[in-house]
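Data from final.tsv: TSV, C-alpha atoms and all ligand atoms
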chain	number	residue	atom	x	y	z
A	252	MET	CA	18.97	-14.12	7.12
A	253	GLU	CA	20.77	-12.72	10.15
A	254	LEU	CA	17.96	-10.36	11.22
A	255	LEU	CA	15.44	-13.20	11.47
A	256	LYS	CA	17.92	-15.47	13.28
A	257	GLN	CA	18.54	-12.72	15.79
A	258	ARG	CA	14.83	-12.35	16.52
A	259	ILE	CA	14.47	-16.10	16.95
A	260	ARG	CA	17.41	-16.09	19.38
A	261	GLU	CA	15.95	-13.19	21.34
A	262	GLU	CA	12.25	-14.01	21.36
A	263	GLY	CA	11.70	-17.55	20.12
A	264	ILE	CA	10.50	-20.11	22.64
A	265	VAL	CA	11.21	-23.79	22.02
A	266	LEU	CA	8.59	-26.09	23.48
A	267	ASN	CA	9.55	-29.68	24.34
A	268	ASN	CA	12.44	-29.58	21.84
A	269	ARG	CA	9.75	-29.84	19.16
A	270	VAL	CA	7.99	-26.59	18.34
A	271	LEU	CA	9.36	-23.07	18.00
A	272	LYS	CA	6.95	-20.41	19.18
A	273	VAL	CA	7.46	-17.08	17.42
A	274	ASP	CA	4.18	-15.48	18.42
A	275	SER	CA	5.75	-12.17	19.39
A	276	PHE	CA	6.83	-11.24	15.84
A	277	LEU	CA	5.52	-13.77	13.31
A	278	ASN	CA	2.57	-16.00	14.17
A	279	HIS	CA	0.42	-13.72	16.29
A	280	GLN	CA	1.88	-10.25	16.77
A	281	ILE	CA	3.57	-9.20	13.53
A	282	ASP	CA	6.59	-6.91	13.21
A	283	PRO	CA	6.05	-4.92	10.00
A	284	GLN	CA	9.69	-3.79	9.66
A	285	LEU	CA	10.93	-7.35	10.01
A	286	PHE	CA	8.33	-8.51	7.48
A	287	LYS	CA	9.39	-5.79	5.08
A	288	ALA	CA	12.96	-7.12	5.27
A	289	ILE	CA	11.72	-10.70	4.83
A	290	GLY	CA	9.74	-9.68	1.75
A	291	LYS	CA	12.83	-8.00	0.31
A	292	GLU	CA	15.00	-11.06	1.01
A	293	ILE	CA	12.53	-13.44	-0.64
A	294	ALA	CA	12.15	-11.10	-3.62
A	295	ASP	CA	15.94	-10.82	-4.00
A	296	ARG	CA	16.29	-14.60	-4.17
A	297	TYR	CA	13.64	-14.90	-6.88
A	298	ARG	CA	14.14	-11.57	-8.66
A	299	ASN	CA	15.29	-13.23	-11.92
A	300	ALA	CA	12.92	-16.20	-11.84
A	301	GLY	CA	10.13	-14.52	-13.78
A	302	VAL	CA	7.59	-14.89	-10.95
A	303	GLN	CA	4.10	-13.87	-12.08
A	304	ARG	CA	2.06	-14.82	-9.01
A	305	ILE	CA	2.60	-15.79	-5.39
A	306	VAL	CA	0.62	-18.56	-3.71
A	307	THR	CA	0.49	-19.13	0.05
A	308	ILE	CA	-1.85	-20.65	2.63
A	309	GLU	CA	-3.89	-19.05	5.37
A	310	ALA	CA	-3.28	-17.86	7.98
A	311	SER	CA	0.36	-17.28	8.82
A	312	GLY	CA	1.67	-17.34	5.26
A	313	ILE	CA	-0.36	-14.36	4.13
A	314	ALA	CA	1.50	-11.49	5.78
A	315	LEU	CA	4.92	-12.77	4.68
A	316	ALA	CA	3.73	-13.47	1.16
A	317	LEU	CA	2.17	-10.02	0.89
A	318	MET	CA	5.50	-8.33	1.57
A	319	ALA	CA	7.22	-10.44	-1.09
A	320	ALA	CA	4.37	-9.83	-3.55
A	321	LEU	CA	4.64	-6.10	-3.02
A	322	GLU	CA	8.40	-6.23	-3.61
A	323	LEU	CA	8.07	-8.39	-6.77
A	324	ASP	CA	4.98	-6.43	-7.87
A	325	VAL	CA	2.86	-9.52	-8.55
A	326	PRO	CA	-0.58	-10.64	-7.33
A	327	LEU	CA	-0.93	-12.83	-4.25
A	328	VAL	CA	-3.52	-15.56	-3.69
A	329	PHE	CA	-3.86	-17.66	-0.55
A	330	ALA	CA	-5.29	-21.15	-0.30
A	331	ARG	CA	-8.19	-21.51	2.09
A	332	LYS	CA	-8.37	-24.32	4.62
A	333	LYS	CA	-11.64	-26.13	5.05
A	334	LYS	CA	-12.58	-28.82	7.51
A	335	SER	CA	-15.02	-30.78	5.39
A	336	ILE	CA	-14.60	-31.88	1.82
A	337	LEU	CA	-16.65	-29.70	-0.45
A	338	MET	CA	-16.17	-30.75	-4.03
A	339	VAL	CA	-17.09	-27.76	-6.09
A	340	ASP	CA	-15.88	-27.49	-9.62
A	341	ASP	CA	-14.87	-23.85	-9.58
A	342	VAL	CA	-11.95	-24.52	-7.21
A	343	TYR	CA	-8.68	-26.40	-7.32
A	344	HIS	CA	-8.55	-28.76	-4.38
A	345	SER	CA	-5.94	-30.71	-2.46
A	346	VAL	CA	-5.78	-32.69	0.79
A	347	VAL	CA	-3.09	-31.89	3.37
A	348	TYR	CA	-2.23	-33.96	6.41
A	349	SER	CA	-1.40	-31.99	9.56
A	350	TYR	CA	1.09	-33.85	11.75
A	351	THR	CA	0.58	-31.41	14.59
A	352	LYS	CA	-3.21	-31.78	14.55
A	353	GLU	CA	-3.20	-35.38	13.28
A	354	GLU	CA	-5.95	-34.75	10.77
A	355	ASN	CA	-6.50	-34.14	7.09
A	356	TYR	CA	-7.77	-30.85	5.87
A	357	ASP	CA	-8.73	-29.51	2.46
A	358	ILE	CA	-7.08	-26.58	0.78
A	359	THR	CA	-8.75	-24.78	-2.08
A	360	ILE	CA	-8.12	-21.90	-4.46
A	361	SER	CA	-10.75	-20.50	-6.82
A	362	LYS	CA	-9.91	-21.30	-10.43
A	363	LYS	CA	-10.40	-17.66	-11.35
A	364	PHE	CA	-7.47	-16.64	-9.15
A	365	LEU	CA	-5.09	-19.21	-10.61
A	366	PRO	CA	-4.99	-18.62	-14.36
A	367	ALA	CA	-3.06	-21.18	-16.43
A	368	GLY	CA	0.37	-20.67	-17.92
A	369	GLU	CA	1.97	-18.61	-15.14
A	370	LYS	CA	5.20	-18.93	-13.16
A	371	VAL	CA	4.27	-19.21	-9.48
A	372	LEU	CA	6.28	-18.79	-6.28
A	373	ILE	CA	5.00	-20.66	-3.21
A	374	ILE	CA	5.57	-19.06	0.21
A	375	ASP	CA	4.99	-20.30	3.76
A	376	ASP	CA	6.15	-19.42	7.26
A	377	PHE	CA	7.38	-22.83	8.44
A	378	LEU	CA	8.73	-25.87	6.63
A	379	ALA	CA	8.40	-29.02	8.72
A	380	SER	CA	7.01	-32.08	6.96
A	381	GLY	CA	6.41	-30.22	3.72
A	382	GLU	CA	2.77	-31.30	3.56
A	383	ALA	CA	1.39	-27.81	3.09
A	384	ALA	CA	3.93	-26.91	0.40
A	385	MET	CA	3.29	-30.16	-1.50
A	386	GLY	CA	-0.45	-29.49	-1.35
A	387	LEU	CA	0.02	-25.97	-2.67
A	388	ALA	CA	2.24	-27.26	-5.47
A	389	LYS	CA	-0.51	-29.67	-6.49
A	390	LEU	CA	-3.02	-26.81	-6.78
A	391	VAL	CA	-0.59	-24.81	-8.88
A	392	LYS	CA	0.13	-27.74	-11.21
A	393	ASP	CA	-3.55	-28.62	-11.52
A	394	ALA	CA	-4.08	-25.06	-12.71
A	395	GLY	CA	-1.54	-25.59	-15.49
A	396	ASP	CA	1.04	-23.31	-13.88
A	397	GLU	CA	4.74	-23.81	-13.18
A	398	VAL	CA	6.16	-23.77	-9.65
A	399	VAL	CA	9.39	-21.77	-9.98
A	400	GLY	CA	10.27	-22.35	-6.36
A	401	MET	CA	9.34	-22.13	-2.72
A	402	ALA	CA	10.35	-19.57	-0.13
A	403	ILE	CA	10.08	-20.40	3.56
A	404	ALA	CA	10.83	-18.13	6.50
A	405	ILE	CA	11.84	-20.83	9.01
A	406	GLU	CA	12.93	-24.33	8.00
A	407	LYS	CA	13.22	-27.11	10.57
A	408	SER	CA	15.98	-28.94	8.73
A	409	PHE	CA	15.77	-32.01	10.96
A	410	GLN	CA	12.27	-32.72	9.63
A	411	PRO	CA	11.77	-34.25	6.18
A	412	GLY	CA	10.18	-31.25	4.42
A	413	ARG	CA	13.13	-29.92	2.45
A	414	GLU	CA	14.19	-33.35	1.22
A	415	ARG	CA	10.65	-34.12	0.12
A	416	LEU	CA	10.34	-30.89	-1.82
A	417	GLU	CA	13.77	-31.21	-3.41
A	418	ASN	CA	13.10	-34.82	-4.36
A	419	ALA	CA	9.96	-33.58	-6.08
A	420	GLY	CA	12.18	-31.21	-8.08
A	421	PHE	CA	11.42	-27.91	-6.36
A	422	ARG	CA	13.88	-25.13	-5.59
A	423	VAL	CA	13.63	-24.38	-1.87
A	424	GLU	CA	14.87	-21.10	-0.35
A	425	SER	CA	14.66	-20.89	3.43
A	426	LEU	CA	15.63	-17.67	5.17
A	427	VAL	CA	16.60	-19.47	8.36
A	428	ARG	CA	17.46	-23.16	8.74
A	429	ILE	CA	17.27	-24.84	12.14
A	430	LYS	CA	19.57	-27.81	12.52
A	431	GLU	CA	18.11	-28.96	15.82
A	432	PHE	CA	16.56	-28.00	19.11
A	433	LYS	CA	18.90	-28.69	22.02
A	434	ASP	CA	17.96	-28.02	25.63
A	435	ASN	CA	15.11	-25.94	24.23
A	436	GLU	CA	17.51	-23.72	22.29
A	437	CYS	CA	17.69	-23.30	18.50
A	438	ILE	CA	20.86	-24.49	16.81
A	439	PHE	CA	21.07	-23.01	13.31
A	440	LEU	CA	22.51	-24.92	10.39
A	441	GLU	CA	25.38	-22.56	9.58
A	442	ASP	CA	26.52	-22.15	13.20
A	501	LIG	P1	4.05	-28.78	7.27
A	501	LIG	O1	3.24	-27.53	7.11
A	501	LIG	O2	5.49	-28.59	6.88
A	501	LIG	O3	3.46	-29.96	6.59
A	501	LIG	O4	4.10	-29.17	8.78
A	501	LIG	P2	3.05	-29.63	9.88
A	501	LIG	O5	1.87	-30.30	9.27
A	501	LIG	O6	3.87	-30.37	10.85
A	501	LIG	O7	2.65	-28.22	10.45
A	501	LIG	C1	1.34	-27.81	10.71
A	501	LIG	C2	1.28	-26.36	11.13
A	501	LIG	O8	2.26	-26.07	12.13
A	501	LIG	C3	1.54	-25.36	10.04
A	501	LIG	O9	0.82	-24.18	10.33
A	501	LIG	C4	3.04	-25.10	10.18
A	501	LIG	O10	3.40	-23.87	9.60
A	501	LIG	C5	3.18	-25.09	11.66
A	501	LIG	N1	4.47	-25.45	12.24
A	501	LIG	C6	5.23	-26.55	12.04
A	501	LIG	N2	6.29	-26.55	12.85
A	501	LIG	C7	6.21	-25.40	13.58
A	501	LIG	C8	7.02	-24.82	14.60
A	501	LIG	O11	8.05	-25.35	15.05
A	501	LIG	N3	6.60	-23.63	15.11
A	501	LIG	C9	5.46	-23.00	14.68
A	501	LIG	N4	5.15	-21.82	15.24
A	501	LIG	N5	4.68	-23.52	13.73
A	501	LIG	C10	5.05	-24.71	13.20
A	501	LIG	P3	-0.78	-24.15	10.29
A	501	LIG	O12	-1.38	-25.04	11.30
A	501	LIG	O13	-1.16	-24.46	8.88
A	501	LIG	O14	-1.26	-22.79	10.77
A	501	LIG	P4	-1.13	-21.26	10.41
A	501	LIG	O15	-0.11	-20.77	11.39
A	501	LIG	O16	-0.65	-21.08	9.03
A	501	LIG	O17	-2.47	-20.73	10.61
A	502	NA	NA	1.93	-21.83	11.05
A	503	NA	NA	1.89	-22.07	7.66
Please render this file's structure as structure tokens.
Ligand code: G4P
Ligand code: NA
Ligand code: NA
Amino acid sequence: MELLKQRIREEGIVLNNRVLKVDSFLNHQIDPQLFKAIGKEIADRYRNAGVQRIVTIEASGIALALMAALELDVPLVFARKKKSILMVDDVYHSVVYSYTKEENYDITISKKFLPAGEKVLIIDDFLASGEAAMGLAKLVKDAGDEVVGMAIAIEKSFQPGRERLENAGFRVESLVRIKEFKDNECIFLED
């Protein structure tokens, strides 16, 4: 997606050749026009997939997922992150390991917002290790739903996320794929 690449080139800040900060339009301040275009792009890629619900994870996934949900005209539900394990039986539950924070956290979705037998699209802002997406897929499967695919705004293709998800059988659509960080600049996969 050229528009998103352009914004990353103009405003993205690469820290220690490891993390891309996009706080000025995605992770902190949000550019509604850009997000509208992202929602349209995601919807276009999954227009014929029969998506009935979108699932994402708080916090940064929500705004992106909302734009796609609006475009596909389907409900959106976001998984909540919790620090401590709280086994309650009215939620689907999964454990996600955060490489950046080096800790496990729980993600949950109320059973009432994940009815069985639906086709679900999973959306997130970044794909790095794929931990969050795998955790979300587990919730969706536990609910008796089908994951029709995943849509990611920014994929760090040098990290194992995509391969993990594809090996697990998921369709992965990333709007921008980063091949590497070099001298604190983004090198995109198609360039
Ligand atoms: P994973 O989600 O693919 O498993 O990756 P990882 O555990 O490494 O990432 C943890 C958090 O860091 C996630 O957000 C993820 O979206 C984000 N992240 C990973 N790489 C980058 C990067 O290069 N730049 C930015 N800006 N974020 C990155 P989170 O902690 O769950 O937080 P939230 O933003 O959704 O609240
Ligand atoms: Na994030
Ligand atoms: Na995220």
(request) For ligand LIG 501 (chain A), list the contacting residues at 10 Å or closer, counting only C-alpha atoms and all ligand atoms, as a PyMOL selection string. (result) chain A and resi 263-266+268-274+277-279+307-313+332+347-356+375-386+403-407+410-413+429+432
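One finds CA of Ile281 (chain A) at 27.6 Å from CA of Val391 (chain A).
With CA of Leu365 (chain A) on one side and CA of Pro283 (chain A) on the other, the separation reads 27.4 Å.
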(request) Please indicate the distance in Å from CA of Arg258 (chain A) to CA of Val427 (chain A), rounded to one decimal place. (result) 11.0 Å
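Nearest-residue note for Gly290 (chain A): choosing from A:Asp341, A:Asp393, A:Glu322, A:Glu414, the minimum distance belongs to A:Glu322, counting all atoms listed in the file.
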(message) For Leu254 (chain A), find every residue with an atom within 12 Å (counting only C-alpha atoms), except residues of its own chain fewer than 6 positions away, and show them as a list in words.
(response) Arg260, Glu261, Gln284, Leu285, Phe286, Lys287, Ala288, Ile289, Glu292, Ala404, Leu426 and Val427 of chain A
Generate a file of the selected residues that holds C-alpha atoms, formatted as a PDB file, in the coordinates of the input.
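As written to disk, out03.pdb reads:
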ATOM      1  CA  ARG A 260      17.410 -16.090  19.380  1.00  0.00           C
ATOM      2  CA  GLU A 261      15.950 -13.190  21.340  1.00  0.00           C
ATOM      3  CA  GLN A 284       9.690  -3.790   9.660  1.00  0.00           C
ATOM      4  CA  LEU A 285      10.930  -7.350  10.010  1.00  0.00           C
ATOM      5  CA  PHE A 286       8.330  -8.510   7.480  1.00  0.00           C
ATOM      6  CA  LYS A 287       9.390  -5.790   5.080  1.00  0.00           C
ATOM      7  CA  ALA A 288      12.960  -7.120   5.270  1.00  0.00           C
ATOM      8  CA  ILE A 289      11.720 -10.700   4.830  1.00  0.00           C
ATOM      9  CA  GLU A 292      15.000 -11.060   1.010  1.00  0.00           C
ATOM     10  CA  ALA A 404      10.830 -18.130   6.500  1.00  0.00           C
ATOM     11  CA  LEU A 426      15.630 -17.670   5.170  1.00  0.00           C
ATOM     12  CA  VAL A 427      16.600 -19.470   8.360  1.00  0.00           C
TER      13      VAL A 427
END
(request) Extract, using only C-alpha atoms, all DNA, RNA and protein residues at most 12 Å from Gly420 (chain A), discarding same-chain residues fewer than 4 positions from it, and format them as a PyMOL selection string. (result) chain A and resi 385+388+397-401+413-416
(message) So that I can check the surroundings of Pro326 (chain A), please list as a ChimeraX atom specification every protein, DNA and RNA residue that reaches within 12 Å of it, counting all atoms listed in the file and ignoring chain neighbours fewer than 4 positions away.
(response) /A:302-307,316-322,364-366,369-372
(request) Return the single residue from A:Val339, A:Ala367, A:Leu440, A:Leu315 that is closest to ligand NA 503 (chain A), with distances computed using all atoms listed in the file. (result) A:Leu315
(request) Have a look at A:Gly368, A:Cys437, A:Lys363, A:Ser425 and name the one nearest to Asp396 (chain A); count only C-alpha atoms. (result) A:Gly368
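Nearest to Ala314 (chain A) of all the residues A:Asn267, A:Ile374, A:Asp295, A:Asp434 is A:Ile374, based on all atoms listed in the file.
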Centre, x/y/z edge lengths, axis-aligned box for region 278-295 of chain A with 3 Å per side, as JSON:
{"center_x": 8.2, "center_y": -9.9, "center_z": 6.4, "size_x": 21.5, "size_y": 18.2, "size_z": 26.8}
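Counting only C-alpha atoms and all ligand atoms, the residue from A:Ile360, A:Lys291, A:Asp340, A:Phe329 that sits nearest to ligand NA 503 (chain A) is A:Phe329.
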